[in-house]
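Remarks on the structure that follows.
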Amino acid sequence: MDNSEKPAESERRAQRRLKTALPIRVRGVDAQGTEFEESTETVEVSRRGLSFLTERELQPFATVTVLIPGRGPRHAGEEAADFFSTAAVIRIVKEVELYRVSLRFIGANLTTYSAETPWQDAEERD
């Protein structure tokens with residue numbers, strides 16, 4: 001099979017990624033061993049993980065805690081709870097003065113997002 005016959009990288013992904021700026025809080029230990037808690041926004045998000053930009057250098061395979069306000073489970077008659085998960089750093093790319101960090105959630109999926117339904121549809125149901 002030559003390169004023209006190979007599926008595009010996005011077609012091989014198990015979960016569709018959406019470019020969207022959701023507010024998040026990330027807490028962990030950076031590459032210098034300093035504990036941090038940072039409020040930022042996502043660059044991309046999927047059911048199983050997300051990416052964001054940061055000035056902090058993180059170690060590959062490090063674990064961090066992620067909180068996404070209002071994106072957790074919903075119960076009848078109540079507002080959505082916050083989504084909270086431990087995540088592993090699976091990719092780090094230096095982009096000029098920032099690092100683009102990709103995380104994979106550990107033991108959790110972002111329930112307000114499904115690979116079959118665009119994020120906008122989920123927001124319209126809210």
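Ligands are numbered from 1 in the order shown, residues from 1 within each chain, and chains are lettered A, B, ... in the order they appear in the structure tokens.
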Quick one: residues within 8 Å of Leu110 (chain A), only C-alpha atoms counted, chain neighbours fewer than 6 positions away excluded, as a PyMOL selection string?
chain A and resi 46-49+71-72+83
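The space between CA of Gly28 (chain A) and CA of Glu79 (chain A) spans 27.6 Å.
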I'd like the contact shell of Lys19 (chain A) - 9 Å cut-off, only C-alpha atoms, skipping same-chain residues fewer than 3 positions apart - returned as a list in words.
Thr42, Val43, Glu44 and Val45 of chain A
With C-alpha atoms retained, could you export that selection as a short mmCIF file (atom, residue, chain, number, x, y, z; two decimals), in the first residue's frame?
data_model
loop_
_atom_site.label_atom_id
_atom_site.label_comp_id
_atom_site.auth_asym_id
_atom_site.auth_seq_id
_atom_site.Cartn_x
_atom_site.Cartn_y
_atom_site.Cartn_z
CA THR A 42 -8.25 23.41 25.80
CA VAL A 43 -7.00 23.44 22.22
CA GLU A 44 -8.67 20.14 21.35
CA VAL A 45 -10.93 17.80 23.27
#
Of A:Ser102, A:Asn109, A:Glu41, A:Glu57, the one nearest to Pro73 (chain A) when counting only C-alpha atoms is A:Asn109
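The residue that comes closest to Thr34 (chain A), out of A:Gln59, A:Thr20, A:Ile92, A:Ser51 and on the basis of only C-alpha atoms, is A:Gln59.
Minimum distance to Arg27 (chain A) across A:Val89, A:Ala108, A:Leu67, A:Ala81 (counting only C-alpha atoms) occurs at A:Leu67.
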Can you pull out the residues contacting Val29 (chain A)? Cut-off 8 Å, using only C-alpha atoms, and skip same-chain residues under 4 positions away; I want them as an mmCIF file with N, CA and C atoms, in the first residue's frame.
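This is the output file out26.cif:
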data_model
loop_
_atom_site.group_PDB
_atom_site.id
_atom_site.type_symbol
_atom_site.label_atom_id
_atom_site.label_comp_id
_atom_site.auth_asym_id
_atom_site.auth_seq_id
_atom_site.Cartn_x
_atom_site.Cartn_y
_atom_site.Cartn_z
ATOM 1 N N GLY A 33 10.068 19.538 39.057
ATOM 2 C CA GLY A 33 9.652 19.029 40.350
ATOM 3 C C GLY A 33 8.822 20.006 41.166
ATOM 4 N N THR A 34 8.350 21.078 40.536
ATOM 5 C CA THR A 34 7.558 22.095 41.215
ATOM 6 C C THR A 34 6.069 21.795 41.066
ATOM 7 N N GLU A 35 5.355 21.757 42.195
ATOM 8 C CA GLU A 35 3.906 21.573 42.136
ATOM 9 C C GLU A 35 3.270 22.812 41.523
ATOM 10 N N PHE A 36 2.200 22.606 40.748
ATOM 11 C CA PHE A 36 1.509 23.730 40.126
ATOM 12 C C PHE A 36 0.019 23.459 40.039
ATOM 13 N N LEU A 58 6.329 19.773 31.097
ATOM 14 C CA LEU A 58 5.886 18.582 31.813
ATOM 15 C C LEU A 58 6.648 17.373 31.292
ATOM 16 N N VAL A 64 -1.376 14.096 35.925
ATOM 17 C CA VAL A 64 -1.906 15.372 36.392
ATOM 18 C C VAL A 64 -3.379 15.169 36.708
#
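What separates CA of Ile90 (chain A) from CA of Gln32 (chain A) is a distance of 17.9 Å.
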Find the residues near Pro69 (chain A): any atom within 10 Å, counting only C-alpha atoms, skip ones fewer than 5 places away on the same chain, and give them as a tab-separated table (two decimals) with C-alpha atoms, in the first residue's frame.
chain	number	residue	atom	x	y	z
A	22	LEU	CA	-13.04	24.97	27.15
A	23	PRO	CA	-11.87	26.39	30.47
A	24	ILE	CA	-9.89	23.83	32.48
A	25	ARG	CA	-7.78	23.59	35.63
A	80	ALA	CA	-24.01	19.40	35.51
A	81	ALA	CA	-21.25	18.65	37.97
A	82	ASP	CA	-17.63	19.37	37.16
A	83	PHE	CA	-15.69	16.73	35.21
A	84	PHE	CA	-12.72	15.55	37.26
Name the residues of region 9-81 of chain A that come out as strand (DSSP E or B) in a backbone DSSP run; write them as a PyMOL selection string.
chain A and resi 18-19+23-29+35-45+49-54+63-68
Next, the residues of the selection above should be written as an mmCIF file, in the first residue's frame with C-alpha atoms.
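Resulting contents of selection_37.cif:
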data_model
loop_
_atom_site.group_PDB
_atom_site.id
_atom_site.type_symbol
_atom_site.label_atom_id
_atom_site.label_comp_id
_atom_site.auth_asym_id
_atom_site.auth_seq_id
_atom_site.Cartn_x
_atom_site.Cartn_y
_atom_site.Cartn_z
ATOM 1 C CA LEU A 18 -12.833 18.886 18.357
ATOM 2 C CA LYS A 19 -10.945 22.146 18.308
ATOM 3 C CA PRO A 23 -11.869 26.394 30.467
ATOM 4 C CA ILE A 24 -9.890 23.828 32.481
ATOM 5 C CA ARG A 25 -7.785 23.588 35.629
ATOM 6 C CA VAL A 26 -4.713 21.375 35.613
ATOM 7 C CA ARG A 27 -2.762 20.385 38.734
ATOM 8 C CA GLY A 28 0.442 18.372 38.959
ATOM 9 C CA VAL A 29 4.219 18.511 39.172
ATOM 10 C CA GLU A 35 3.906 21.573 42.136
ATOM 11 C CA PHE A 36 1.509 23.730 40.126
ATOM 12 C CA GLU A 37 -2.150 24.481 39.541
ATOM 13 C CA GLU A 38 -2.996 26.324 36.336
ATOM 14 C CA SER A 39 -6.203 27.668 34.793
ATOM 15 C CA THR A 40 -6.129 27.576 31.009
ATOM 16 C CA GLU A 41 -8.216 26.480 27.981
ATOM 17 C CA THR A 42 -8.251 23.411 25.798
ATOM 18 C CA VAL A 43 -7.003 23.443 22.217
ATOM 19 C CA GLU A 44 -8.674 20.143 21.348
ATOM 20 C CA VAL A 45 -10.932 17.799 23.271
ATOM 21 C CA GLY A 49 -8.485 13.266 26.477
ATOM 22 C CA LEU A 50 -7.557 16.814 25.570
ATOM 23 C CA SER A 51 -4.699 19.109 24.651
ATOM 24 C CA PHE A 52 -3.803 22.541 25.986
ATOM 25 C CA LEU A 53 -1.021 25.127 25.841
ATOM 26 C CA THR A 54 1.165 25.938 28.833
ATOM 27 C CA THR A 63 0.102 12.221 35.798
ATOM 28 C CA VAL A 64 -1.906 15.372 36.392
ATOM 29 C CA THR A 65 -5.392 16.139 37.653
ATOM 30 C CA VAL A 66 -7.837 17.845 35.265
ATOM 31 C CA LEU A 67 -11.044 19.675 36.147
ATOM 32 C CA ILE A 68 -13.497 20.897 33.481
#
